[in-house]
Structure formats: structure tokens, C-alpha cells
>>> print(open('entry.csv').read())   # CSV, C-alpha atoms and all ligand atoms
chain,number,residue,atom,x,y,z
A,1,MET,CA,-30.6,86.4,60.7
A,2,PRO,CA,-32.2,89.7,59.5
A,3,THR,CA,-35.5,88.5,61.0
A,4,LEU,CA,-33.9,87.7,64.3
A,5,ALA,CA,-32.2,91.1,64.4
A,6,ARG,CA,-35.4,92.8,63.8
A,7,LEU,CA,-37.1,90.9,66.5
A,8,ALA,CA,-34.4,91.8,69.0
A,9,ILE,CA,-34.8,95.5,68.1
A,10,ALA,CA,-38.6,95.2,68.5
A,11,LEU,CA,-38.2,93.6,71.9
A,12,ALA,CA,-35.8,96.2,73.1
A,13,THR,CA,-38.2,98.9,72.0
A,14,LEU,CA,-41.0,97.3,74.0
A,15,ALA,CA,-38.8,97.0,77.1
A,16,ALA,CA,-37.9,100.7,76.8
A,17,ALA,CA,-41.5,101.7,76.4
A,18,SER,CA,-42.7,99.9,79.5
A,19,ALA,CA,-39.8,101.0,81.8
A,20,SER,CA,-40.2,103.8,84.3
A,21,PRO,CA,-39.0,107.3,83.3
A,22,ALA,CA,-35.2,107.3,82.9
A,23,LEU,CA,-32.4,108.9,81.0
A,24,THR,CA,-31.5,106.9,77.9
A,25,ILE,CA,-28.2,107.2,76.0
A,26,ASN,CA,-27.9,106.2,72.4
A,27,TYR,CA,-24.2,105.3,72.0
A,28,THR,CA,-22.5,105.9,68.7
A,29,PHE,CA,-19.0,104.6,68.4
A,30,LEU,CA,-16.6,106.1,65.9
A,31,PRO,CA,-14.0,104.0,64.1
A,32,GLY,CA,-11.1,103.2,66.3
A,33,THR,CA,-13.1,102.6,69.4
A,34,SER,CA,-12.3,99.1,70.5
A,35,GLU,CA,-14.9,96.6,71.8
A,36,GLN,CA,-13.2,96.9,75.2
A,37,ALA,CA,-13.6,100.7,75.1
A,38,GLN,CA,-17.2,100.4,74.0
A,39,GLN,CA,-18.1,98.1,76.9
A,40,ALA,CA,-16.4,100.5,79.4
A,41,ILE,CA,-18.3,103.5,77.8
A,42,ARG,CA,-21.6,101.7,78.4
A,43,VAL,CA,-20.6,101.0,82.0
A,44,ALA,CA,-19.9,104.6,82.5
A,45,GLY,CA,-23.1,105.7,80.8
A,46,ALA,CA,-25.1,103.3,82.9
A,47,GLN,CA,-23.9,105.0,86.1
A,48,TRP,CA,-25.6,108.2,85.0
A,49,THR,CA,-28.7,106.6,83.6
A,50,SER,CA,-29.2,104.7,86.8
A,51,VAL,CA,-29.4,107.9,88.9
A,52,ILE,CA,-31.1,110.3,86.4
A,53,THR,CA,-34.8,109.8,85.9
A,54,THR,CA,-35.5,112.6,83.4
A,55,ASP,CA,-37.3,110.9,80.5
A,56,VAL,CA,-35.1,112.0,77.6
A,57,THR,CA,-32.9,110.2,75.1
A,58,LEU,CA,-29.4,111.6,74.4
A,59,THR,CA,-27.3,110.6,71.4
A,60,LEU,CA,-23.6,110.6,72.3
A,61,ASN,CA,-20.7,109.9,69.9
A,62,PHE,CA,-17.7,108.3,71.4
A,63,GLU,CA,-14.3,108.0,69.9
A,64,SER,CA,-11.1,106.6,71.4
A,65,GLY,CA,-8.9,106.6,68.3
A,66,LEU,CA,-7.4,110.1,68.4
A,67,ARG,CA,-4.2,111.3,70.1
A,68,LEU,CA,-5.3,114.5,72.0
A,69,SER,CA,-2.9,117.1,73.4
A,70,SER,CA,-0.4,116.1,76.0
A,71,GLY,CA,-2.0,116.2,79.5
A,72,VAL,CA,-5.5,115.8,78.2
A,73,LEU,CA,-7.3,112.5,78.7
A,74,GLY,CA,-10.7,113.3,77.3
A,75,THR,CA,-12.7,116.1,75.7
A,76,THR,CA,-16.4,116.7,75.3
A,77,LYS,CA,-17.8,118.9,72.5
A,78,SER,CA,-21.4,119.6,72.9
A,79,MET,CA,-23.9,121.3,70.7
A,80,TYR,CA,-25.0,124.5,72.5
A,81,ILE,CA,-28.4,126.2,72.7
A,82,ASP,CA,-29.2,129.7,73.8
A,83,MET,CA,-32.3,130.4,75.8
A,84,TYR,CA,-33.8,133.5,77.3
A,85,TYR,CA,-33.0,133.6,81.0
A,86,SER,CA,-36.7,134.1,81.9
A,87,ASP,CA,-37.6,131.0,79.8
A,88,LEU,CA,-35.0,128.9,81.7
A,89,ARG,CA,-36.3,130.2,85.0
A,90,SER,CA,-39.9,129.1,84.1
A,91,ARG,CA,-38.7,125.7,82.9
A,92,LEU,CA,-36.7,125.1,86.1
A,93,ALA,CA,-39.7,126.1,88.2
A,94,GLN,CA,-42.0,123.8,86.2
A,95,GLY,CA,-39.5,120.9,86.6
A,96,SER,CA,-38.8,121.5,90.2
A,97,THR,CA,-38.7,118.1,92.0
A,98,SER,CA,-36.6,118.5,95.1
A,99,ALA,CA,-36.0,120.7,98.0
A,100,ALA,CA,-32.8,121.9,96.4
A,101,ASP,CA,-34.7,122.7,93.2
A,102,ALA,CA,-37.2,124.7,95.1
A,103,LEU,CA,-34.5,126.8,96.9
A,104,ALA,CA,-32.5,127.1,93.7
A,105,VAL,CA,-35.5,128.5,91.7
A,106,ALA,CA,-36.4,130.8,94.5
A,107,SER,CA,-32.9,132.2,94.4
A,108,LEU,CA,-33.1,133.3,90.8
A,109,PRO,CA,-33.9,136.9,90.1
A,110,GLY,CA,-37.5,137.3,88.8
A,111,SER,CA,-36.6,139.9,86.2
A,112,ALA,CA,-35.7,139.4,82.5
A,113,ASN,CA,-32.1,140.1,83.2
A,114,PHE,CA,-29.7,138.8,85.8
A,115,GLY,CA,-26.7,140.3,87.4
A,116,ARG,CA,-23.2,138.9,87.4
A,117,LEU,CA,-19.8,139.9,88.9
A,118,ILE,CA,-17.4,140.0,86.0
A,119,ASN,CA,-13.8,141.2,85.3
A,120,LEU,CA,-11.1,141.4,82.6
A,121,THR,CA,-13.5,142.9,80.1
A,122,ALA,CA,-12.7,145.7,77.7
A,123,ASP,CA,-15.4,147.9,79.3
A,124,ASN,CA,-14.5,147.3,82.9
A,125,PRO,CA,-15.1,150.6,84.7
A,126,ALA,CA,-11.8,150.1,86.6
A,127,GLY,CA,-10.0,150.1,83.3
A,128,ALA,CA,-9.9,147.9,80.1
A,129,GLY,CA,-8.9,144.4,81.1
A,130,SER,CA,-8.8,145.2,84.8
A,131,ALA,CA,-8.9,142.2,87.2
A,132,THR,CA,-11.2,144.2,89.5
A,133,PRO,CA,-14.7,142.7,89.6
A,134,TYR,CA,-17.7,144.8,88.8
A,135,VAL,CA,-21.4,144.1,88.5
A,136,ASP,CA,-22.9,143.7,85.0
A,137,HIS,CA,-26.7,143.8,85.0
A,138,ASN,CA,-27.3,143.2,81.3
A,139,PRO,CA,-27.3,139.4,80.6
A,140,ALA,CA,-30.7,138.1,79.5
A,141,THR,CA,-29.8,134.8,77.9
A,142,VAL,CA,-28.2,131.6,79.0
A,143,HIS,CA,-26.1,129.1,77.1
A,144,MET,CA,-26.5,125.4,77.6
A,145,SER,CA,-25.4,122.0,76.3
A,146,ALA,CA,-27.9,120.2,74.1
A,147,ALA,CA,-28.4,117.6,76.7
A,148,ASN,CA,-29.2,120.2,79.4
A,149,ALA,CA,-31.7,121.8,77.0
A,150,ARG,CA,-33.4,118.4,76.5
A,151,ALA,CA,-33.6,118.0,80.2
A,152,LEU,CA,-35.5,121.2,80.2
A,153,GLY,CA,-38.0,119.9,77.7
A,154,LEU,CA,-36.6,121.4,74.5
A,155,GLN,CA,-37.0,119.2,71.4
A,156,PHE,CA,-34.7,119.6,68.4
A,157,GLN,CA,-32.6,117.7,66.0
A,158,GLY,CA,-29.1,116.6,66.9
A,159,ASN,CA,-26.2,118.3,65.4
A,160,GLU,CA,-23.5,117.0,63.1
A,161,SER,CA,-21.2,119.9,63.6
A,162,PRO,CA,-18.8,119.2,66.4
A,163,GLY,CA,-17.5,116.1,64.7
A,164,CYS,CA,-20.5,113.9,65.2
A,165,ALA,CA,-20.6,110.9,62.9
A,166,ALA,CA,-24.4,111.3,62.8
A,167,ALA,CA,-26.7,113.7,64.6
A,168,CYS,CA,-25.6,113.9,68.2
A,169,ASP,CA,-25.9,116.0,71.3
A,170,ALA,CA,-22.2,115.7,72.2
A,171,ARG,CA,-19.0,114.0,71.0
A,172,ILE,CA,-16.7,112.6,73.6
A,173,ASP,CA,-13.1,111.8,72.8
A,174,ILE,CA,-10.7,109.7,74.9
A,175,SER,CA,-7.0,110.1,74.0
A,176,THR,CA,-4.9,107.3,72.6
A,177,ARG,CA,-1.9,109.0,74.2
A,178,TYR,CA,-2.2,107.2,77.5
A,179,ALA,CA,-2.7,103.6,78.8
A,180,TYR,CA,-6.0,102.7,80.4
A,181,ASP,CA,-7.5,100.2,82.8
A,182,TYR,CA,-11.0,99.4,81.4
A,183,ASP,CA,-12.2,97.6,84.5
A,184,PRO,CA,-12.1,99.6,87.7
A,185,SER,CA,-13.8,96.9,89.8
A,186,ASP,CA,-10.5,95.3,90.7
A,187,GLY,CA,-8.6,98.6,91.1
A,188,ILE,CA,-6.6,100.5,88.5
A,189,THR,CA,-3.3,99.1,87.3
A,190,PRO,CA,-0.3,101.3,88.1
A,191,GLY,CA,0.7,103.5,85.2
A,192,THR,CA,-2.8,103.4,83.7
A,193,PHE,CA,-5.9,105.6,84.0
A,194,ASP,CA,-9.4,104.7,84.9
A,195,PHE,CA,-11.1,104.7,81.5
A,196,VAL,CA,-14.7,104.3,83.0
A,197,GLY,CA,-14.0,107.2,85.3
A,198,ILE,CA,-12.8,109.4,82.5
A,199,VAL,CA,-15.9,108.6,80.4
A,200,ARG,CA,-18.2,109.1,83.4
A,201,HIS,CA,-16.6,112.6,83.9
A,202,GLU,CA,-16.9,113.6,80.2
A,203,ILE,CA,-20.6,112.6,80.1
A,204,GLY,CA,-21.1,114.9,83.1
A,205,HIS,CA,-19.9,117.8,81.0
A,206,ALA,CA,-22.2,116.7,78.2
A,207,LEU,CA,-25.1,116.7,80.7
A,208,GLY,CA,-24.4,120.4,81.4
A,209,PHE,CA,-21.7,120.5,84.1
A,210,VAL,CA,-19.9,123.4,82.3
A,211,SER,CA,-19.0,127.0,83.2
A,212,GLY,CA,-18.9,129.9,80.8
A,213,VAL,CA,-16.2,131.4,82.9
A,214,ASP,CA,-13.7,129.4,80.9
A,215,SER,CA,-14.6,131.6,77.9
A,216,LEU,CA,-13.5,134.7,79.9
A,217,ASP,CA,-10.5,133.0,81.4
A,218,VAL,CA,-8.2,133.3,78.4
A,219,ALA,CA,-5.0,135.2,78.0
A,220,GLY,CA,-4.7,138.3,75.9
A,221,THR,CA,-8.3,138.7,74.6
A,222,LEU,CA,-10.0,141.9,75.4
A,223,ARG,CA,-13.7,141.9,74.7
A,224,PRO,CA,-16.7,143.8,76.1
A,225,ALA,CA,-18.8,142.1,78.8
A,226,GLY,CA,-21.7,141.9,76.3
A,227,SER,CA,-19.8,139.5,74.2
A,228,PHE,CA,-19.5,136.9,77.0
A,229,THR,CA,-22.9,135.3,76.5
A,230,GLY,CA,-21.8,131.9,77.7
A,231,VAL,CA,-23.4,131.9,81.1
A,232,THR,CA,-24.6,128.3,81.7
A,233,PRO,CA,-27.4,127.1,83.9
A,234,LEU,CA,-24.8,125.9,86.3
A,235,ASP,CA,-23.3,129.4,86.4
A,236,LEU,CA,-26.6,130.7,87.8
A,237,PHE,CA,-25.6,129.0,91.0
A,238,ARG,CA,-22.0,130.0,91.0
A,239,TYR,CA,-21.1,132.5,93.8
A,240,SER,CA,-18.3,134.0,95.8
A,241,SER,CA,-18.7,135.9,99.1
A,242,LEU,CA,-18.1,139.1,97.1
A,243,SER,CA,-20.8,138.3,94.5
A,244,ALA,CA,-23.3,137.2,97.2
A,245,ALA,CA,-22.8,140.5,99.0
A,246,SER,CA,-24.0,142.2,95.7
A,247,HIS,CA,-26.8,139.6,95.3
A,248,VAL,CA,-25.4,138.5,91.9
A,249,ILE,CA,-23.6,135.4,90.6
A,250,ASP,CA,-19.8,135.2,90.2
A,251,PHE,CA,-18.7,135.1,86.6
A,252,THR,CA,-15.1,136.4,87.3
A,253,ALA,CA,-11.9,134.8,86.2
A,254,ASP,CA,-9.8,135.1,89.3
A,255,ALA,CA,-8.5,133.1,92.3
A,256,ARG,CA,-11.3,134.1,94.6
A,257,GLN,CA,-13.1,131.1,96.1
A,258,LYS,CA,-16.2,130.1,94.1
A,259,TYR,CA,-18.9,127.8,95.2
A,260,LEU,CA,-22.2,126.3,94.3
A,261,SER,CA,-25.1,127.9,96.2
A,262,VAL,CA,-28.8,127.2,95.9
A,263,ASN,CA,-29.8,130.1,98.1
A,264,GLY,CA,-28.3,133.2,96.4
A,265,GLY,CA,-24.8,132.7,97.9
A,266,LEU,CA,-25.8,132.6,101.5
A,267,THR,CA,-24.9,129.0,102.1
A,268,MET,CA,-21.7,127.8,100.6
A,269,GLY,CA,-22.0,124.5,98.8
A,270,PRO,CA,-19.2,122.5,97.1
A,271,GLU,CA,-16.4,124.6,95.7
A,272,PHE,CA,-15.8,125.2,92.0
A,273,ALA,CA,-12.4,125.4,90.2
A,274,GLU,CA,-11.5,128.9,89.3
A,275,GLY,CA,-9.9,128.8,85.8
A,276,GLU,CA,-6.8,127.6,84.1
A,277,VAL,CA,-5.3,131.1,83.4
A,278,HIS,CA,-6.4,133.5,86.1
A,279,GLY,CA,-7.7,131.1,88.7
A,280,ASP,CA,-6.3,128.0,90.4
A,281,GLY,CA,-5.0,126.4,87.3
A,282,ALA,CA,-8.0,124.2,86.6
A,283,GLN,CA,-10.8,124.9,84.2
A,284,ALA,CA,-13.8,126.6,85.9
A,285,SER,CA,-16.1,123.8,84.5
A,286,HIS,CA,-15.1,121.6,87.4
A,287,TRP,CA,-15.2,121.2,91.1
A,288,LYS,CA,-12.2,122.4,93.0
A,289,ASP,CA,-9.3,120.0,92.7
A,290,GLY,CA,-8.1,117.9,95.6
A,291,ARG,CA,-11.2,118.1,97.7
A,292,SER,CA,-12.7,114.7,96.7
A,293,ILE,CA,-16.0,116.5,95.8
A,294,GLY,CA,-17.1,114.2,93.0
A,295,ALA,CA,-16.8,112.9,89.5
A,296,MET,CA,-16.4,116.4,88.1
A,297,ALA,CA,-13.0,117.1,89.7
A,298,PRO,CA,-10.5,118.5,87.1
A,299,TYR,CA,-7.7,116.0,87.5
A,300,ILE,CA,-7.1,112.3,88.1
A,301,GLN,CA,-3.9,110.4,88.6
A,302,ALA,CA,-2.7,107.2,87.2
A,303,GLY,CA,-3.2,104.0,89.2
A,304,VAL,CA,-6.2,105.3,91.1
A,305,ALA,CA,-9.9,104.7,90.6
A,306,ASP,CA,-11.7,108.0,89.8
A,307,SER,CA,-14.4,109.4,92.1
A,308,ARG,CA,-17.8,107.9,91.6
A,309,ILE,CA,-20.9,110.1,91.1
A,310,THR,CA,-21.5,111.9,94.5
A,311,ALA,CA,-24.3,113.9,96.0
A,312,ALA,CA,-22.5,117.0,95.0
A,313,ASP,CA,-22.5,116.0,91.3
A,314,LEU,CA,-26.2,115.1,91.6
A,315,LEU,CA,-27.0,118.4,93.3
A,316,ALA,CA,-25.4,120.3,90.4
A,317,LEU,CA,-27.4,118.3,87.8
A,318,ASP,CA,-30.5,118.6,89.9
A,319,VAL,CA,-30.5,122.4,90.0
A,320,ILE,CA,-29.8,122.8,86.3
A,321,GLY,CA,-32.9,120.8,85.3
A,322,TRP,CA,-32.3,117.1,85.7
A,323,THR,CA,-34.3,114.9,87.9
A,324,VAL,CA,-32.1,112.7,90.0
A,325,SER,CA,-33.2,109.6,91.8
A,326,ALA,CA,-31.2,110.3,95.0
A,327,VAL,CA,-32.0,113.9,95.7
A,328,PRO,CA,-29.4,115.5,97.9
A,329,GLU,CA,-30.7,117.6,100.8
A,330,PRO,CA,-29.5,121.1,100.6
A,331,ALA,CA,-28.6,121.5,104.3
A,332,PRO,CA,-25.4,119.5,104.7
A,333,MET,CA,-23.9,120.9,101.5
A,334,VAL,CA,-21.5,123.0,103.4
A,335,LEU,CA,-19.8,119.8,104.4
A,336,PHE,CA,-18.9,118.9,100.8
A,337,GLY,CA,-16.1,121.4,100.7
A,338,ALA,CA,-14.6,120.2,104.0
A,339,GLY,CA,-10.9,119.7,103.4
A,340,LEU,CA,-10.0,116.2,102.5
A,341,ALA,CA,-6.3,115.7,101.8
A,342,ALA,CA,-5.2,116.7,98.4
A,343,ILE,CA,-4.2,114.0,96.0
A,344,ALA,CA,-0.5,113.9,95.4
A,345,GLY,CA,1.3,112.4,92.5
A,346,LEU,CA,1.0,112.6,88.8
A,347,ARG,CA,-2.1,114.3,87.6
A,348,ILE,CA,-3.5,114.6,84.2
A,349,GLY,CA,-6.1,117.1,83.1
A,350,ARG,CA,-9.4,116.3,81.5
A,351,ARG,CA,-10.7,119.0,79.3
A,352,ARG,CA,-14.2,119.6,78.3
A,353,GLY,CA,-13.2,120.9,74.9
A,354,ASP,CA,-14.4,124.0,73.1
A,355,GLY,CA,-18.1,124.1,73.7
A,356,VAL,CA,-18.8,127.4,75.4
A,357,ALA,CA,-18.7,130.6,73.3
A,401,ZN,ZN,-13.6,118.0,82.7
>>> encode(input="entry.csv", output="C-alpha cells")
Amino acid sequence: MPTLARLAIALATLAAASASPALTINYTFLPGTSEQAQQAIRVAGAQWTSVITTDVTLTLNFESGLRLSSGVLGTTKSMYIDMYYSDLRSRLAQGSTSAADALAVASLPGSANFGRLINLTADNPAGAGSATPYVDHNPATVHMSAANARALGLQFQGNESPGCAAACDARIDISTRYAYDYDPSDGITPGTFDFVGIVRHEIGHALGFVSGVDSLDVAGTLRPAGSFTGVTPLDLFRYSSLSAASHVIDFTADARQKYLSVNGGLTMGPEFAEGEVHGDGAQASHWKDGRSIGAMAPYIQAGVADSRITAADLLALDVIGWTVSAVPEPAPMVLFGAGLAAIAGLRIGRRRGDGVA
């Protein structure tokens, strides 16, 4: 038996080496994760690896044996890496593979620092903690998930700190509090949640679909702007019409409309959620709720299959450094936000966990 097992591993290695470039996920399952859950997790992971062609290997820990807070189906805790903004810009330029990438890189300021619209800070010129946005020209670093950093060519050891059983890039937990349907191919049983969809969504966070605005969007904390160093690569394409008018990104926590733009805010792409506390009630690390934008929407409801990976999801990953097989064209992006009917009924949040400083 040991010989057979070794042979199987050797064959698998050969197959991997001869395949065309692709994202590979090493799955690590923590105790309490059933066979059924493991199978569904692999199905969800395969939906990402089938559309991302960046040749890196991620190690993700999965766990579905913990009861998370009420209203939370899943969490993702990533290891985070800080990088100079100018380094990120060069890496994005080197890895540019699509029309959207080219536009996105061209929209990034060529200086060592970038500007952002921000509010609620202790040093807000309009008064400490004021909700009035102002431009902060100081940021010179960005903060990204380990997986996002690997997409940009960084090589480093995995981390054991956010609960990884062994070195990992992210740990994803799915709560035992709710009932799940593990097979979405025949619909989702009423009263249960789409397990594959939840995992697919959480992997999206691990890949870097995260906003640092969630670190600003908290109640009762007064800190200077300089302490909010959690601007993610995705945030470099986060705009409002107000921030676009000042030629800076929008890092505010308020209910102003925020959207992805690959051309410095001129063209409005899919809309982002605005924040749980000061925004629309959903974490900023998501698309706007109720617009059917994609897999990174903040809420899902029981009995309904979750959104598959859409062109909007892929566009976001494309501009933060991933190479995606189906490259979305930037021109029709404005259509992604077009109002589809809001989903009614019970909704349960999916949190990304505490990853952003
Ligand atoms: Zn989420």
C-alpha cells in the first residue's frame, strides 16, 4: 500500500508539471470537516482554479466544525503582506495581461504616494472624527492578502498564525450554526444554505477581494489617518464621484455610492458595498447587495443557489494582479450596476473575518 500511495503522488506531480499554467489550491482540512464538506470545498475551489491562470500554489485551511457568530456563515482569515505602493504598481504593470489591466495600471498615480479620500479620522481638518471627507496624500504602502501577494510574484513561507493547522495563506471557516445543501446542481433545499457558494465566496476574499475601508468603518475608534494603512490593491480602484473629481480613490466610510473603476473614476464599474457601520450595512469588502453583481455579494438567503463567478468578480481579480482566463472587456462595465431586483427574504451575512489592519 505505501508503494501504491507513493506512486499515486508521483503521478499527480507529473500531471501538475505538464499542465498549462493555472492556479493550484492545496486543501488542508481541519478536524470536524466532513467528507461531504471536503468534497464541496474542492468543487468550490475548482470553480476558481478553472478561471485563474496565474501559475501559483495556494495553501488554504478549511474548517467546518465551529459555531461562528449568529448571522455569519463563513469567515476568511488571511495572512497579510505590506508592500510599497510603487512596487505594487511596477508588479501590476509587469503582469498586465488584459485591456482592463492596461487601463487600470495607467490610472495609478506614478508617484511614490497615492491620494485617498478619507473621513472619520482623528486628524480630519473638519474636526476630529468628522464624517466630512478630505484628501489624504500620504499613503505609500498597500496591504494585501498572502494569495494576492503570490499572484504578484512574491515568494514567502505560509503562516501558521491565523489558526492555520500548518503553514497556510488563509483559513476559511464555515459555521456549524446553519444547515447546508452541499450539492447546488439540483437547487438548494429550502431552509438550507448553498455550501459550495459560501466557500466560493470566502475563497474570493482569500484571493484578495477585500477593502481596508472595513478597518475605518468601526464605531467609537478615533485614530489619525496615518494609522489606516490597510489600503488593499482592490481599494486602488475604489472610487466615488466625489473622489474622482479630486483624482483620488475613495477610502471613506459613508453611504456615498462607491464603485470599481479602471480609469481613475471616470467610468463607473460595478458598485461596492459601503460598510456595516457608516455605510449601507454591508462590509465594504463586497459588491453592493441586491444587484446580482457576482459571487462577492455580501448576503445570501436560504434555499437559493448563490451567484456563480461573474465577469465583475473576474474583473476585480484581474486588476489586482491575477490572470483570468475569460478577460472581461472594460467597456460594458457600466452595465454591471444596472438595477436588478433586490433579493427579498431571509439574508445571512458572510464575513471575511479580521484580516485587515
Ligand atoms: Zn464576504
>>> residues_near_ligand(input="entry.csv", ligand="ligand ZN 401 (chain A)", cutoff="12 Å", atoms="all atoms listed in the file", output="PDB file with C-alpha atoms, keeping the file's coordinate frame")
ATOM      1  CA  VAL A  72      -5.500 115.800  78.200  1.00  0.00           C
ATOM      2  CA  LEU A  73      -7.300 112.500  78.700  1.00  0.00           C
ATOM      3  CA  GLY A  74     -10.700 113.300  77.300  1.00  0.00           C
ATOM      4  CA  THR A  75     -12.700 116.100  75.700  1.00  0.00           C
ATOM      5  CA  THR A  76     -16.400 116.700  75.300  1.00  0.00           C
ATOM      6  CA  LYS A  77     -17.800 118.900  72.500  1.00  0.00           C
ATOM      7  CA  ILE A 172     -16.700 112.600  73.600  1.00  0.00           C
ATOM      8  CA  ASP A 173     -13.100 111.800  72.800  1.00  0.00           C
ATOM      9  CA  ILE A 174     -10.700 109.700  74.900  1.00  0.00           C
ATOM     10  CA  GLY A 197     -14.000 107.200  85.300  1.00  0.00           C
ATOM     11  CA  ILE A 198     -12.800 109.400  82.500  1.00  0.00           C
ATOM     12  CA  VAL A 199     -15.900 108.600  80.400  1.00  0.00           C
ATOM     13  CA  ARG A 200     -18.200 109.100  83.400  1.00  0.00           C
ATOM     14  CA  HIS A 201     -16.600 112.600  83.900  1.00  0.00           C
ATOM     15  CA  GLU A 202     -16.900 113.600  80.200  1.00  0.00           C
ATOM     16  CA  ILE A 203     -20.600 112.600  80.100  1.00  0.00           C
ATOM     17  CA  GLY A 204     -21.100 114.900  83.100  1.00  0.00           C
ATOM     18  CA  HIS A 205     -19.900 117.800  81.000  1.00  0.00           C
ATOM     19  CA  ALA A 206     -22.200 116.700  78.200  1.00  0.00           C
ATOM     20  CA  LEU A 207     -25.100 116.700  80.700  1.00  0.00           C
ATOM     21  CA  GLY A 208     -24.400 120.400  81.400  1.00  0.00           C
ATOM     22  CA  PHE A 209     -21.700 120.500  84.100  1.00  0.00           C
ATOM     23  CA  VAL A 210     -19.900 123.400  82.300  1.00  0.00           C
ATOM     24  CA  SER A 211     -19.000 127.000  83.200  1.00  0.00           C
ATOM     25  CA  ASP A 214     -13.700 129.400  80.900  1.00  0.00           C
ATOM     26  CA  PHE A 272     -15.800 125.200  92.000  1.00  0.00           C
ATOM     27  CA  ALA A 273     -12.400 125.400  90.200  1.00  0.00           C
ATOM     28  CA  GLY A 275      -9.900 128.800  85.800  1.00  0.00           C
ATOM     29  CA  GLU A 276      -6.800 127.600  84.100  1.00  0.00           C
ATOM     30  CA  ALA A 282      -8.000 124.200  86.600  1.00  0.00           C
ATOM     31  CA  GLN A 283     -10.800 124.900  84.200  1.00  0.00           C
ATOM     32  CA  ALA A 284     -13.800 126.600  85.900  1.00  0.00           C
ATOM     33  CA  SER A 285     -16.100 123.800  84.500  1.00  0.00           C
ATOM     34  CA  HIS A 286     -15.100 121.600  87.400  1.00  0.00           C
ATOM     35  CA  TRP A 287     -15.200 121.200  91.100  1.00  0.00           C
ATOM     36  CA  LYS A 288     -12.200 122.400  93.000  1.00  0.00           C
ATOM     37  CA  ASP A 289      -9.300 120.000  92.700  1.00  0.00           C
ATOM     38  CA  GLY A 294     -17.100 114.200  93.000  1.00  0.00           C
ATOM     39  CA  ALA A 295     -16.800 112.900  89.500  1.00  0.00           C
ATOM     40  CA  MET A 296     -16.400 116.400  88.100  1.00  0.00           C
ATOM     41  CA  ALA A 297     -13.000 117.100  89.700  1.00  0.00           C
ATOM     42  CA  PRO A 298     -10.500 118.500  87.100  1.00  0.00           C
ATOM     43  CA  TYR A 299      -7.700 116.000  87.500  1.00  0.00           C
ATOM     44  CA  ILE A 300      -7.100 112.300  88.100  1.00  0.00           C
ATOM     45  CA  ILE A 348      -3.500 114.600  84.200  1.00  0.00           C
ATOM     46  CA  GLY A 349      -6.100 117.100  83.100  1.00  0.00           C
ATOM     47  CA  ARG A 350      -9.400 116.300  81.500  1.00  0.00           C
ATOM     48  CA  ARG A 351     -10.700 119.000  79.300  1.00  0.00           C
ATOM     49  CA  ARG A 352     -14.200 119.600  78.300  1.00  0.00           C
ATOM     50  CA  GLY A 353     -13.200 120.900  74.900  1.00  0.00           C
ATOM     51  CA  ASP A 354     -14.400 124.000  73.100  1.00  0.00           C
ATOM     52  CA  GLY A 355     -18.100 124.100  73.700  1.00  0.00           C
TER      53      GLY A 355
END
>>> residues_near_point(input="entry.csv", point="(-35.9, 136.9, 83.6)", cutoff="10 Å", atoms="only C-alpha atoms", output="PDB file with C-alpha atoms, in the frame of the given file")
ATOM      1  CA  TYR A  84     -33.800 133.500  77.300  1.00  0.00           C
ATOM      2  CA  TYR A  85     -33.000 133.600  81.000  1.00  0.00           C
ATOM      3  CA  SER A  86     -36.700 134.100  81.900  1.00  0.00           C
ATOM      4  CA  ASP A  87     -37.600 131.000  79.800  1.00  0.00           C
ATOM      5  CA  LEU A  88     -35.000 128.900  81.700  1.00  0.00           C
ATOM      6  CA  ARG A  89     -36.300 130.200  85.000  1.00  0.00           C
ATOM      7  CA  SER A  90     -39.900 129.100  84.100  1.00  0.00           C
ATOM      8  CA  LEU A 108     -33.100 133.300  90.800  1.00  0.00           C
ATOM      9  CA  PRO A 109     -33.900 136.900  90.100  1.00  0.00           C
ATOM     10  CA  GLY A 110     -37.500 137.300  88.800  1.00  0.00           C
ATOM     11  CA  SER A 111     -36.600 139.900  86.200  1.00  0.00           C
ATOM     12  CA  ALA A 112     -35.700 139.400  82.500  1.00  0.00           C
ATOM     13  CA  ASN A 113     -32.100 140.100  83.200  1.00  0.00           C
ATOM     14  CA  PHE A 114     -29.700 138.800  85.800  1.00  0.00           C
ATOM     15  CA  PRO A 139     -27.300 139.400  80.600  1.00  0.00           C
ATOM     16  CA  ALA A 140     -30.700 138.100  79.500  1.00  0.00           C
ATOM     17  CA  THR A 141     -29.800 134.800  77.900  1.00  0.00           C
TER      18      THR A 141
END
>>> closest_atom_pairs(input="entry.csv", of="range 129-228 of chain A", to="range 25-38 of chain A", cutoff="8 Å", atoms="all atoms listed in the file", output="tab-separated table")
residue	atom	partner	partner_atom	distance
A:Ala165	CA	A:Leu30	CA	6.9
A:Tyr182	CA	A:Ala37	CA	6.9
A:Phe195	CA	A:Ala37	CA	8.0
>>> residues_around(input="entry.csv", residues="Glu274 in chain A", least_positions_apart="4", cutoff="8 Å", atoms="all atoms listed in the file", output="list of chain:residue names")
A:Ala253, A:Asp254, A:Ala255, A:Arg256, A:Gln257, A:Lys258, A:His278, A:Gly279, A:Asp280, A:Gly281, A:Ala282, A:Gln283, A:Ala284, A:Lys288
>>> closest_residue(input="entry.csv", among="A:Asn148, A:Asn159, A:Ser70, A:Ser241", to="Ser175 in chain A", atoms="all atoms listed in the file")
A:Ser70
>>> atom_distance(input="entry.csv", atom1="CA of Gly95 in chain A", atom2="CA of Ile249 in chain A")
21.9 Å
>>> closest_residue(input="entry.csv", among="A:Met79, A:Val218, A:Leu66, A:Ala102", to="Phe156 in chain A", atoms="only C-alpha atoms")
A:Met79
>>> atom_distance(input="entry.csv", atom1="CA of Gly65 in chain A", atom2="CA of Ala167 in chain A")
19.5 Å
>>> closest_residue(input="entry.csv", among="A:Ala244, A:Ala311, A:Val56, A:Ala104", to="Leu152 in chain A", atoms="all atoms listed in the file")
A:Val56
>>> closest_residue(input="entry.csv", among="A:Leu234, A:Val248, A:Ile309, A:Met83", to="Ile118 in chain A", atoms="all atoms listed in the file")
A:Val248
>>> closest_residue(input="entry.csv", among="A:Ala99, A:Ala245, A:Tyr134, A:Ala147", to="Thr24 in chain A", atoms="all atoms listed in the file")
A:Ala147
>>> closest_residue(input="entry.csv", among="A:Ala146, A:Leu103, A:Ile81, A:Leu260", to="Cys168 in chain A", atoms="only C-alpha atoms")
A:Ala146
>>> build_atoms(input="entry.csv", residues="range 313-319 of chain A", atoms="N, CA and C atoms", output="compact mmCIF listing (two decimals), in the frame of the given file")
# COMPACT_ATOMS: atom_id res chain seq x y z
N ASP A 313 -22.24 116.04 92.78
CA ASP A 313 -22.50 116.00 91.30
C ASP A 313 -23.97 116.00 91.02
N LEU A 314 -24.71 115.22 91.80
CA LEU A 314 -26.20 115.10 91.60
C LEU A 314 -26.86 116.43 91.90
N LEU A 315 -26.39 117.10 92.93
CA LEU A 315 -27.00 118.40 93.30
C LEU A 315 -26.84 119.38 92.12
N ALA A 316 -25.65 119.41 91.53
CA ALA A 316 -25.40 120.30 90.40
C ALA A 316 -26.35 120.01 89.25
N LEU A 317 -26.49 118.72 88.94
CA LEU A 317 -27.40 118.30 87.80
C LEU A 317 -28.84 118.59 88.17
N ASP A 318 -29.17 118.38 89.43
CA ASP A 318 -30.50 118.60 89.90
C ASP A 318 -30.96 120.06 89.66
N VAL A 319 -30.12 121.00 90.08
CA VAL A 319 -30.50 122.40 90.00
C VAL A 319 -30.51 122.96 88.57
